[in-house]
$ cat data.cif   # mmCIF, C-alpha atoms
data_input
loop_
_atom_site.label_atom_id
_atom_site.label_comp_id
_atom_site.auth_asym_id
_atom_site.auth_seq_id
_atom_site.Cartn_x
_atom_site.Cartn_y
_atom_site.Cartn_z
CA MET A 18 95.33 123.01 123.62
CA THR A 19 96.13 119.34 122.99
CA ASN A 20 93.27 118.98 120.52
CA THR A 21 94.43 122.06 118.62
CA LEU A 22 97.98 120.73 118.34
CA ALA A 23 96.72 117.32 117.15
CA ALA A 24 94.49 119.01 114.60
CA SER A 25 97.36 121.09 113.28
CA SER A 26 99.56 117.99 112.99
CA SER A 27 96.82 116.11 111.14
CA GLU A 28 96.25 118.94 108.68
CA THR A 29 99.80 118.59 107.42
CA ARG A 30 99.08 114.92 106.67
CA VAL A 31 95.99 115.51 104.53
CA ALA A 32 97.73 116.18 101.19
CA PRO A 33 99.96 113.07 101.48
CA LEU A 34 96.86 111.01 102.33
CA VAL A 35 95.05 112.31 99.26
CA GLU A 36 98.04 111.40 97.10
CA LEU A 37 98.24 107.96 98.76
CA ALA A 38 94.56 107.33 97.96
CA ILE A 39 94.98 108.23 94.29
CA ARG A 40 97.97 105.90 93.94
CA GLY A 41 96.24 103.10 95.86
CA LEU A 42 93.12 103.15 93.73
CA GLU A 43 95.06 102.34 90.59
CA ALA A 44 95.91 98.88 92.01
CA MET A 45 92.25 98.25 92.84
CA TYR A 46 90.98 98.79 89.29
CA ASP A 47 90.03 95.91 87.02
CA GLU A 48 91.04 97.09 83.54
CA GLU A 49 89.16 94.32 81.75
CA LYS A 50 85.83 95.05 83.41
CA ALA A 51 86.47 98.79 83.83
CA LEU A 52 85.25 98.55 87.42
CA PHE A 53 86.83 98.56 90.86
CA CYS A 54 87.36 95.41 92.86
CA ASP A 55 85.45 94.52 96.00
CA ARG A 56 88.57 94.47 98.19
CA LEU A 57 92.33 94.19 98.24
CA LYS A 58 93.71 91.69 100.75
CA GLN A 59 97.17 91.14 102.13
CA THR A 60 98.27 87.52 101.66
CA PRO A 61 101.59 85.67 102.09
CA SER A 62 102.06 85.95 98.32
CA GLY A 63 101.28 89.66 98.18
CA ASN A 64 98.25 91.92 97.96
CA ILE A 65 95.50 90.46 95.78
CA LYS A 66 92.23 91.83 94.37
CA GLU A 67 88.98 89.98 95.06
CA GLY A 68 85.73 90.37 93.13
CA ILE A 69 84.23 93.53 91.68
CA SER A 70 81.73 95.94 93.17
CA GLN A 71 79.56 98.35 91.23
CA ARG A 72 78.54 100.05 94.49
CA TYR A 73 82.12 100.65 95.52
CA THR A 74 82.88 101.80 91.97
CA VAL A 75 80.20 104.50 92.19
CA MET A 76 81.50 105.73 95.54
CA THR A 77 85.08 105.71 94.32
CA LEU A 78 84.17 107.67 91.18
CA LEU A 79 82.49 110.32 93.32
CA GLY A 80 85.77 110.73 95.16
CA LEU A 81 87.83 110.80 91.97
CA LEU A 82 85.56 113.43 90.44
CA ARG A 83 86.04 115.54 93.57
CA ALA A 84 89.80 115.05 93.27
CA GLU A 85 89.79 116.02 89.57
CA ALA A 86 87.87 119.19 90.42
CA ALA A 87 90.63 119.98 92.94
CA GLY A 88 93.30 119.62 90.26
CA TYR A 89 94.42 116.02 90.62
CA ARG A 90 94.59 113.60 87.72
CA SER A 91 92.57 110.39 88.03
CA PRO A 92 94.57 107.17 87.62
CA ILE A 93 91.67 105.61 85.69
CA ASP A 94 89.35 106.70 82.88
CA ILE A 95 86.33 108.01 84.76
CA SER A 96 84.04 108.34 81.73
CA ALA A 97 84.74 104.78 80.59
CA THR A 98 84.02 103.50 84.09
CA VAL A 99 80.71 105.36 84.29
CA ASP A 100 79.81 103.87 80.89
CA ALA A 101 80.66 100.40 82.24
CA LEU A 102 78.23 100.92 85.12
CA TYR A 103 75.46 101.66 82.61
CA ARG A 104 76.33 98.77 80.30
CA ASN A 105 74.24 96.40 82.41
CA THR A 106 72.22 97.98 85.21
CA GLU A 107 70.78 94.79 86.69
CA TRP A 108 73.05 95.38 89.69
CA VAL A 109 70.78 98.27 90.70
CA ASP A 110 68.29 96.19 92.68
CA ASN A 111 67.82 98.40 95.73
CA ILE A 112 67.02 102.03 96.42
CA GLY A 113 70.45 102.64 97.93
CA ASP A 114 72.34 101.78 94.77
CA LEU A 115 69.74 103.66 92.74
CA GLY A 116 70.43 106.74 94.85
CA LEU A 117 74.20 106.38 94.55
CA LEU A 118 74.00 106.06 90.78
CA LEU A 119 71.69 109.09 90.61
CA TRP A 120 74.20 111.03 92.74
CA LEU A 121 77.03 110.05 90.40
CA SER A 122 74.97 110.74 87.28
CA SER A 123 74.08 114.19 88.59
CA VAL A 124 77.74 115.22 88.82
CA SER A 125 78.96 113.35 85.72
CA PRO A 126 78.72 115.09 82.34
CA ARG A 127 75.71 114.08 80.24
CA LYS A 128 74.61 111.13 82.40
CA LEU A 129 71.34 112.33 83.94
CA ASP A 130 69.43 111.74 80.71
CA SER A 131 70.71 108.15 80.67
CA PHE A 132 69.56 107.70 84.24
CA TYR A 133 66.04 109.02 83.65
CA ALA A 134 65.73 106.89 80.53
CA THR A 135 66.82 103.74 82.36
CA PHE A 136 65.00 103.86 85.71
CA ASP A 137 61.48 104.54 86.98
CA LEU A 138 62.58 107.11 89.51
CA GLU A 139 59.12 108.49 90.26
CA ASN A 140 57.89 105.19 91.76
CA ALA A 141 61.15 104.11 93.35
CA LEU A 142 60.11 104.49 97.00
CA GLY A 143 57.50 101.78 96.60
CA SER A 144 59.49 99.58 94.24
CA TYR A 145 62.36 98.36 96.41
CA SER A 146 62.29 96.29 99.57
CA ASP A 147 64.95 98.35 101.34
CA SER A 148 62.84 101.48 101.01
CA ARG A 149 59.72 99.66 102.24
CA LYS A 150 61.73 98.46 105.27
CA ARG A 151 62.88 102.07 105.70
CA LEU A 152 66.58 101.27 105.79
CA THR A 153 68.39 104.40 106.91
CA MET A 154 71.65 104.28 104.97
CA GLU A 155 69.97 103.40 101.68
CA LEU A 156 67.31 106.09 102.05
CA ALA A 157 70.04 108.62 102.81
CA TRP A 158 71.88 107.69 99.61
CA PHE A 159 68.62 108.06 97.68
CA LEU A 160 67.87 111.47 99.20
CA THR A 161 71.39 112.65 98.43
CA GLY A 162 70.96 111.52 94.83
CA LEU A 163 67.64 113.35 94.53
CA THR A 164 69.15 116.50 95.99
CA HIS A 165 72.10 116.52 93.59
CA ALA A 166 69.77 115.85 90.67
CA SER A 167 67.68 118.84 91.77
CA ARG A 168 70.78 121.03 91.56
CA ALA A 169 71.72 119.91 88.06
CA GLU A 170 71.55 122.47 85.27
CA ARG A 171 68.84 120.83 83.20
CA LYS A 172 65.07 120.67 83.12
CA GLN A 173 63.95 118.64 86.14
CA PRO A 174 61.18 116.01 86.20
CA PRO A 175 58.08 117.63 87.73
CA TYR A 176 57.94 115.08 90.56
CA LEU A 177 61.55 115.50 91.73
CA GLU A 178 61.05 117.95 94.59
CA SER A 179 57.97 116.19 95.97
CA LEU A 180 59.83 112.84 95.85
CA ALA A 181 62.76 114.39 97.70
CA ARG A 182 60.47 115.79 100.38
CA GLN A 183 58.71 112.46 100.75
CA THR A 184 62.04 110.66 101.08
CA TYR A 185 63.19 113.17 103.68
CA ALA A 186 60.09 112.51 105.78
CA VAL A 187 60.60 108.73 105.64
CA LEU A 188 64.29 109.01 106.50
CA GLN A 189 63.77 111.47 109.33
CA SER A 190 61.24 109.14 110.99
CA ASN A 191 64.18 106.84 111.85
CA GLN A 192 65.87 109.58 113.91
CA GLY A 193 65.68 109.35 117.69
CA LYS A 194 65.08 112.19 120.11
CA ASP A 195 68.80 112.60 120.79
CA GLY A 196 69.62 112.90 117.09
CA LEU A 197 70.93 109.39 116.39
CA PHE A 198 69.43 107.23 113.65
CA GLY A 199 68.28 103.65 113.97
CA HIS A 200 68.99 101.13 111.24
CA MET A 201 65.44 100.67 109.96
CA ALA A 202 61.74 101.06 110.68
CA ARG A 203 60.93 99.45 114.02
CA TRP A 204 57.41 98.26 113.30
CA LYS A 205 57.58 96.93 109.75
CA SER A 206 59.35 93.62 110.43
CA LEU A 207 60.56 91.31 113.18
CA ALA A 208 64.13 92.40 112.46
CA GLY A 209 63.06 96.01 112.86
CA ALA A 210 61.37 95.31 116.18
CA VAL A 211 64.48 93.57 117.50
CA ARG A 212 67.25 95.86 116.24
CA GLY A 213 65.69 98.66 114.26
CA HIS A 214 66.69 101.22 116.90
CA VAL A 215 70.40 100.32 116.65
CA GLY A 216 72.14 102.10 113.80
CA SER A 217 75.66 101.67 112.47
CA PHE A 218 78.05 104.57 112.05
CA ALA A 219 77.06 104.58 108.38
CA ASP A 220 73.45 105.05 109.52
CA GLN A 221 74.58 108.31 111.12
CA VAL A 222 77.03 109.58 108.51
CA TYR A 223 74.92 109.33 105.38
CA PRO A 224 71.82 111.00 106.88
CA ILE A 225 74.00 113.88 108.13
CA ILE A 226 75.16 114.40 104.54
CA ALA A 227 71.73 113.89 103.00
CA LEU A 228 69.90 116.23 105.39
CA ALA A 229 72.58 118.91 105.08
CA HIS A 230 72.37 118.92 101.27
CA PHE A 231 68.58 118.61 101.27
CA GLY A 232 68.16 121.45 103.75
CA GLN A 233 70.43 123.71 101.72
CA THR A 234 68.83 122.87 98.39
CA PHE A 235 65.20 123.19 99.46
CA ILE A 236 65.73 125.90 102.12
CA MET A 237 64.42 123.69 104.92
CA GLN A 238 65.69 124.70 108.35
CA GLU A 239 64.28 121.60 110.05
CA ALA A 240 66.43 119.33 107.90
CA LEU A 241 69.54 121.39 108.70
CA GLN A 242 68.76 121.21 112.41
CA ASN A 243 68.31 117.44 112.22
CA SER A 244 71.61 117.07 110.39
CA LEU A 245 73.37 119.20 112.99
CA GLN A 246 71.75 117.32 115.87
CA CYS A 247 73.07 113.99 114.58
CA ALA A 248 76.51 115.47 113.95
CA ASN A 249 76.64 116.83 117.48
CA ALA A 250 75.46 113.48 118.87
CA ILE A 251 78.26 111.44 117.29
CA CYS A 252 80.82 114.06 118.29
CA ASN A 253 79.65 113.93 121.89
CA LEU A 254 80.18 110.14 121.79
CA GLN A 255 83.58 110.24 120.06
CA GLY A 256 86.12 108.02 121.81
CA PRO A 257 89.06 109.32 123.87
CA LEU A 258 91.47 108.48 121.03
CA GLY A 259 89.19 110.04 118.44
CA GLN A 260 87.41 106.78 117.63
CA TRP A 261 84.15 106.80 115.73
CA TRP A 262 82.31 103.80 117.19
CA TRP A 263 80.52 101.09 115.25
CA HIS A 264 76.90 101.03 116.52
CA TYR A 265 74.62 103.55 118.24
CA ASP A 266 71.27 103.26 120.04
CA SER A 267 68.74 105.78 118.76
CA MET A 268 66.49 105.12 121.77
CA THR A 269 69.04 105.76 124.53
CA GLY A 270 71.29 108.17 122.64
CA GLY A 271 74.37 106.12 123.52
CA VAL A 272 76.92 103.77 121.98
CA ALA A 273 75.64 100.22 121.46
CA GLU A 274 78.87 98.58 120.22
CA ARG A 275 82.35 100.03 119.96
CA TYR A 276 84.47 97.63 117.89
CA PRO A 277 85.66 97.24 115.20
CA VAL A 278 86.90 100.78 114.69
CA TYR A 279 87.13 101.28 110.92
CA SER A 280 89.77 103.41 109.26
CA VAL A 281 87.27 104.65 106.67
CA HIS A 282 85.20 106.15 109.47
CA GLN A 283 88.26 108.00 110.76
CA HIS A 284 89.76 109.33 107.53
CA ALA A 285 86.73 109.62 105.27
CA MET A 286 83.17 109.08 106.43
CA ALA A 287 83.21 111.17 109.60
CA PRO A 288 85.06 114.02 107.86
CA MET A 289 82.79 114.06 104.81
CA ALA A 290 79.68 114.12 107.04
CA LEU A 291 81.00 116.70 109.48
CA PHE A 292 82.26 118.92 106.65
CA ALA A 293 78.76 118.75 105.10
CA ALA A 294 77.10 119.73 108.39
CA GLN A 295 79.74 122.37 109.04
CA ASP A 296 79.29 123.98 105.62
CA ALA A 297 75.48 123.87 105.74
CA CYS A 298 74.89 124.76 109.37
CA ASP A 299 77.66 127.23 110.17
CA ALA A 300 79.13 124.82 112.73
CA ASP A 301 82.70 123.96 113.65
CA PHE A 302 83.84 120.32 113.80
CA HIS A 303 87.48 121.00 113.07
CA ASP A 304 88.88 119.43 116.24
CA GLN A 305 86.74 116.28 116.04
CA ILE A 306 87.61 115.70 112.38
CA TYR A 307 91.35 115.96 112.86
CA LYS A 308 91.43 114.12 116.17
CA GLY A 309 89.76 111.21 114.41
CA LEU A 310 92.32 111.40 111.63
CA GLU A 311 95.20 111.01 114.09
CA TRP A 312 93.88 107.55 115.01
CA ILE A 313 94.94 105.97 111.71
CA GLY A 314 98.43 107.41 112.01
CA GLY A 315 99.22 105.52 115.20
CA ALA A 316 97.40 107.41 117.97
CA ASN A 317 95.23 104.33 118.51
CA GLU A 318 94.81 101.36 120.83
CA LEU A 319 97.71 99.46 119.26
CA GLN A 320 99.96 102.49 118.75
CA LYS A 321 100.49 101.31 115.17
CA SER A 322 99.86 103.22 111.96
CA LEU A 323 97.23 101.75 109.64
CA GLU A 324 98.78 103.56 106.67
CA ASP A 325 100.86 101.35 104.41
CA LYS A 326 102.81 103.85 102.34
CA SER A 327 104.59 101.14 100.33
CA ALA A 328 101.26 99.75 99.09
CA SER A 329 99.45 103.14 99.13
CA LEU A 330 96.68 101.71 101.30
CA VAL A 331 95.07 102.29 104.67
CA TRP A 332 94.27 98.98 106.36
CA ARG A 333 90.63 98.40 107.13
CA CYS A 334 90.15 98.37 110.90
CA ILE A 335 91.26 97.47 114.39
CA ARG A 336 89.04 94.72 115.69
CA PRO A 337 88.88 92.19 118.53
CA GLN A 338 90.33 88.74 118.05
CA LYS A 339 87.61 86.20 117.38
CA SER A 340 86.71 84.54 120.65
CA THR A 341 85.14 81.14 121.13
CA SER A 342 84.36 81.76 124.79
CA SER A 343 81.01 83.17 125.90
CA LEU A 344 82.81 85.78 127.97
CA GLY A 345 84.97 86.86 125.01
CA ARG A 346 81.99 87.14 122.68
CA LEU A 347 80.11 89.19 125.28
CA ALA A 348 83.10 91.51 125.75
CA ALA A 349 83.31 92.13 122.01
CA LEU A 350 79.56 92.72 121.78
CA VAL A 351 79.52 95.42 124.43
CA GLY A 352 82.74 96.95 123.20
CA GLN A 353 84.85 96.11 126.22
CA ALA A 354 87.59 94.27 124.29
CA THR A 355 89.89 97.27 124.40
CA THR A 356 93.29 96.01 125.48
CA ALA A 357 96.10 95.73 122.96
CA GLY A 358 96.32 92.00 123.60
CA THR A 359 92.80 91.38 122.30
CA LEU A 360 92.86 93.66 119.25
CA HIS A 361 94.48 93.32 115.84
CA ILE A 362 94.60 95.06 112.46
CA LEU A 363 92.59 93.63 109.56
CA HIS A 364 94.89 93.84 106.53
CA GLU A 365 92.49 94.55 103.72
CA CYS A 366 91.22 97.68 102.03
CA ARG A 367 88.17 98.44 99.89
CA PRO A 368 88.23 101.00 97.09
CA TYR A 369 85.37 103.09 98.41
CA GLU A 370 87.43 103.76 101.54
CA LEU A 371 90.03 105.61 99.49
CA GLY A 372 87.32 107.11 97.27
CA TRP A 373 85.53 108.63 100.24
CA LEU A 374 88.87 109.91 101.58
CA LEU A 375 89.20 111.86 98.32
CA TYR A 376 85.61 113.05 98.58
CA ALA A 377 86.22 114.30 102.12
CA PHE A 378 89.58 116.01 101.71
CA ALA A 379 90.50 116.70 98.07
CA GLY A 380 90.44 120.46 97.68
CA ARG A 381 90.32 121.07 101.43
CA GLU A 382 94.08 121.05 101.95
CA SER A 383 95.40 124.34 103.25
CA LYS A 384 97.60 126.21 100.78
CA ALA A 385 100.57 125.50 102.99
CA THR A 386 100.09 121.76 102.69
CA GLN A 387 98.96 121.41 99.08
CA PRO A 388 101.27 119.21 97.00
CA THR A 389 103.60 120.73 94.46
CA SER A 390 102.66 117.96 92.03
CA ARG A 391 99.06 117.22 91.18
CA PHE A 392 99.79 113.98 89.31
CA GLN A 393 99.41 115.90 86.05
#
$ encode --input "data.cif" --output "structure tokens"
Amino acid sequence: MTNTLAASSSETRVAPLVELAIRGLEAMYDEEKALFCDRLKQTPSGNIKEGISQRYTVMTLLGLLRAEAAGYRSPIDISATVDALYRNTEWVDNIGDLGLLLWLSSVSPRKLDSFYATFDLENALGSYSDSRKRLTMELAWFLTGLTHASRAERKQPPYLESLARQTYAVLQSNQGKDGLFGHMARWKSLAGAVRGHVGSFADQVYPIIALAHFGQTFIMQEALQNSLQCANAICNLQGPLGQWWWHYDSMTGGVAERYPVYSVHQHAMAPMALFAAQDACDADFHDQIYKGLEWIGGANELQKSLEDKSASLVWRCIRPQKSTSSLGRLAALVGQATTAGTLHILHECRPYELGWLLYAFAGRESKATQPTSRFQ
């Protein structure tokens, strides 16, 4: 009963969050470079932008395109920003960014031809070090890009389906028996042997999305089952306040490290993954999605909202204070630094966090909670 009430309360907050994200992204855009910044930080002299990020720009555009399809007006020129990404593509130096750009190009008008003309997609799996190391998150982005390209209404390269199936097999080999994904191949490097079995929350979220879309597109039940198994695994490990934890152990099927708890996991990444699994696998993750959303509104360890309505931002995370003592570092490592006195809010926000919020929720508002104004 409590979960249902919390979910209902959270649903009414979705449309205002979508509107907050659209407003907040405008302040994160660099007009001169036509790209989004790397982060926005709170300082004594106000909120300031730092750097630029092509990766975050791609993610943010995916969210803005989803919002436009739902009837919202983008605060920036999406086409000009996509063109800026293609102006110099030297930033695409890994298979993850290649996959993200392919994903974006597949849903952007008239950009797939530019992609195929620019990149050697057919040989990509062997061309980048992150794919050779079998990095989970990056391979998931690549598989998602391949899947969206396969759905595009144009003549497909003859190798596209076989490349997607090959990528699926490589990605799935990082999944443990309980459904959780490790970070990378365990036997291809020293780093893999030491920590390859420990995957971040991102290493769970992006495979859930990739396998759900791949399974739907290529009618592969095994992929759908693997997506659902991972989704169920993270839901079974969700914290008592709806927290989505930071690191997971694919060998034991448990949580490896709890903190920081990131707002983007709560309001964007978990929802977008669970919605994908729900839509593809006829599952129901309604309660887990909206319980997680309540966390950013103040139902958290500090009982403080991470939403800053005046700045149209959601602050990045709740994390332990840095500790110089061996005991403090150990407590943070095993996720035991859970008292309000040892935790604090990190006052920064990255554009992809708001972009993924749009991707997760734009168009999913119930009719009762949809805004009367669509920023048009």
$ resolve_selection --input "data.cif" --expression "the PyMOL selection byres ((chain A and resi 279) around 8)" --output "ChimeraX atom specification"
/A:261,263,277-278,280-283,333-335
$ closest_residue --input "data.cif" --among "A:Ser244, A:Tyr376, A:Ala250, A:Phe159" --to "Glu85 in chain A" --atoms "all atoms listed in the file"
A:Tyr376
$ atom_distance --input "data.cif" --atom1 "CA of Lys308 in chain A" --atom2 "CA of Pro257 in chain A"
9.4 Å
$ resolve_selection --input "data.cif" --expression "the PyMOL selection byres ((chain A and resi 251) around 12)" --output "MDAnalysis selection string"
chainID A and resid 195:198 216:222 225 244:250 252:256 259:267 270:272 282 287:288 290:291 302 305:306 309
$ residues_near_point --input "data.cif" --point "(92.9, 110.5, 102.9)" --cutoff "10 Å" --atoms "only C-alpha atoms" --output "PyMOL selection string"
chain A and resi 30-39+281+283-285+288+310+324+330-331+370-379
$ resolve_selection --input "data.cif" --expression "the PyMOL selection byres ((chain A and resi 96-106) around 8)" --output "ChimeraX atom specification"
/A:50-52,71,75,94-95,107-109
$ axis_aligned_box --input "data.cif" --around "range 87-94 of chain A" --padding-each-side "5 Å" --output "lines of an AutoDock Vina configuration file"
center_x = 92.0
center_y = 112.8
center_z = 87.9
size_x = 15.2
size_y = 24.4
size_z = 20.1
$ atom_distance --input "data.cif" --atom1 "CA of Arg151 in chain A" --atom2 "CA of Glu178 in chain A"
19.5 Å
$ closest_residue --input "data.cif" --among "A:Leu152, A:Arg182, A:Ala84, A:Lys321" --to "Thr234 in chain A" --atoms "all atoms listed in the file"
A:Arg182
$ residues_near_point --input "data.cif" --point "(93.9, 92.7, 93.2)" --cutoff "9 Å" --atoms "all atoms listed in the file" --output "ChimeraX atom specification"
/A:44-47,54,56-58,64-68
$ atom_distance --input "data.cif" --atom1 "CA of Tyr223 in chain A" --atom2 "CA of Ile112 in chain A"
14.0 Å
$ closest_residue --input "data.cif" --among "A:Gly314, A:Pro126, A:Pro368, A:Gly380" --to "Gly41 in chain A" --atoms "all atoms listed in the file"
A:Pro368
$ closest_residue --input "data.cif" --among "A:Gly113, A:Tyr185, A:Pro337, A:Trp120" --to "Met237 in chain A" --atoms "only C-alpha atoms"
A:Tyr185
$ closest_residue --input "data.cif" --among "A:Glu28, A:Glu318, A:Glu43, A:Glu49" --to "Arg90 in chain A" --atoms "all atoms listed in the file"
A:Glu43
$ closest_residue --input "data.cif" --among "A:Ala169, A:Val124, A:Ala294, A:Asp114" --to "Phe136 in chain A" --atoms "only C-alpha atoms"
A:Asp114
$ build_atoms --input "data.cif" --residues "range 237-248 of chain A" --atoms "N, CA, C and O atoms" --output "PDB file, in the frame of the given file"
ATOM      1  N   MET A 237      65.220 124.303 103.857  1.00  0.00           N
ATOM      2  CA  MET A 237      64.420 123.690 104.920  1.00  0.00           C
ATOM      3  C   MET A 237      65.244 123.661 106.209  1.00  0.00           C
ATOM      4  O   MET A 237      66.133 122.839 106.373  1.00  0.00           O
ATOM      5  N   GLN A 238      64.929 124.554 107.119  1.00  0.00           N
ATOM      6  CA  GLN A 238      65.690 124.700 108.350  1.00  0.00           C
ATOM      7  C   GLN A 238      65.597 123.453 109.228  1.00  0.00           C
ATOM      8  O   GLN A 238      66.569 123.073 109.891  1.00  0.00           O
ATOM      9  N   GLU A 239      64.447 122.805 109.226  1.00  0.00           N
ATOM     10  CA  GLU A 239      64.280 121.600 110.050  1.00  0.00           C
ATOM     11  C   GLU A 239      65.285 120.526 109.660  1.00  0.00           C
ATOM     12  O   GLU A 239      65.880 119.874 110.521  1.00  0.00           O
ATOM     13  N   ALA A 240      65.481 120.344 108.369  1.00  0.00           N
ATOM     14  CA  ALA A 240      66.430 119.330 107.900  1.00  0.00           C
ATOM     15  C   ALA A 240      67.851 119.689 108.345  1.00  0.00           C
ATOM     16  O   ALA A 240      68.623 118.814 108.761  1.00  0.00           O
ATOM     17  N   LEU A 241      68.215 120.958 108.252  1.00  0.00           N
ATOM     18  CA  LEU A 241      69.540 121.390 108.700  1.00  0.00           C
ATOM     19  C   LEU A 241      69.715 121.156 110.190  1.00  0.00           C
ATOM     20  O   LEU A 241      70.774 120.701 110.641  1.00  0.00           O
ATOM     21  N   GLN A 242      68.692 121.438 110.964  1.00  0.00           N
ATOM     22  CA  GLN A 242      68.760 121.210 112.410  1.00  0.00           C
ATOM     23  C   GLN A 242      68.903 119.731 112.738  1.00  0.00           C
ATOM     24  O   GLN A 242      69.659 119.351 113.643  1.00  0.00           O
ATOM     25  N   ASN A 243      68.207 118.877 111.989  1.00  0.00           N
ATOM     26  CA  ASN A 243      68.310 117.440 112.220  1.00  0.00           C
ATOM     27  C   ASN A 243      69.684 116.912 111.843  1.00  0.00           C
ATOM     28  O   ASN A 243      70.231 116.024 112.503  1.00  0.00           O
ATOM     29  N   SER A 244      70.256 117.440 110.770  1.00  0.00           N
ATOM     30  CA  SER A 244      71.610 117.070 110.390  1.00  0.00           C
ATOM     31  C   SER A 244      72.598 117.467 111.479  1.00  0.00           C
ATOM     32  O   SER A 244      73.457 116.674 111.900  1.00  0.00           O
ATOM     33  N   LEU A 245      72.465 118.688 111.956  1.00  0.00           N
ATOM     34  CA  LEU A 245      73.370 119.200 112.990  1.00  0.00           C
ATOM     35  C   LEU A 245      73.206 118.432 114.296  1.00  0.00           C
ATOM     36  O   LEU A 245      74.194 118.158 114.990  1.00  0.00           O
ATOM     37  N   GLN A 246      71.981 118.068 114.630  1.00  0.00           N
ATOM     38  CA  GLN A 246      71.750 117.320 115.870  1.00  0.00           C
ATOM     39  C   GLN A 246      72.453 115.970 115.833  1.00  0.00           C
ATOM     40  O   GLN A 246      73.068 115.551 116.821  1.00  0.00           O
ATOM     41  N   CYS A 247      72.382 115.283 114.705  1.00  0.00           N
ATOM     42  CA  CYS A 247      73.070 113.990 114.580  1.00  0.00           C
ATOM     43  C   CYS A 247      74.578 114.184 114.613  1.00  0.00           C
ATOM     44  O   CYS A 247      75.296 113.405 115.262  1.00  0.00           O
ATOM     45  N   ALA A 248      75.071 115.206 113.935  1.00  0.00           N
ATOM     46  CA  ALA A 248      76.510 115.470 113.950  1.00  0.00           C
ATOM     47  C   ALA A 248      77.003 115.746 115.364  1.00  0.00           C
ATOM     48  O   ALA A 248      78.043 115.229 115.790  1.00  0.00           O
TER      49      ALA A 248
END
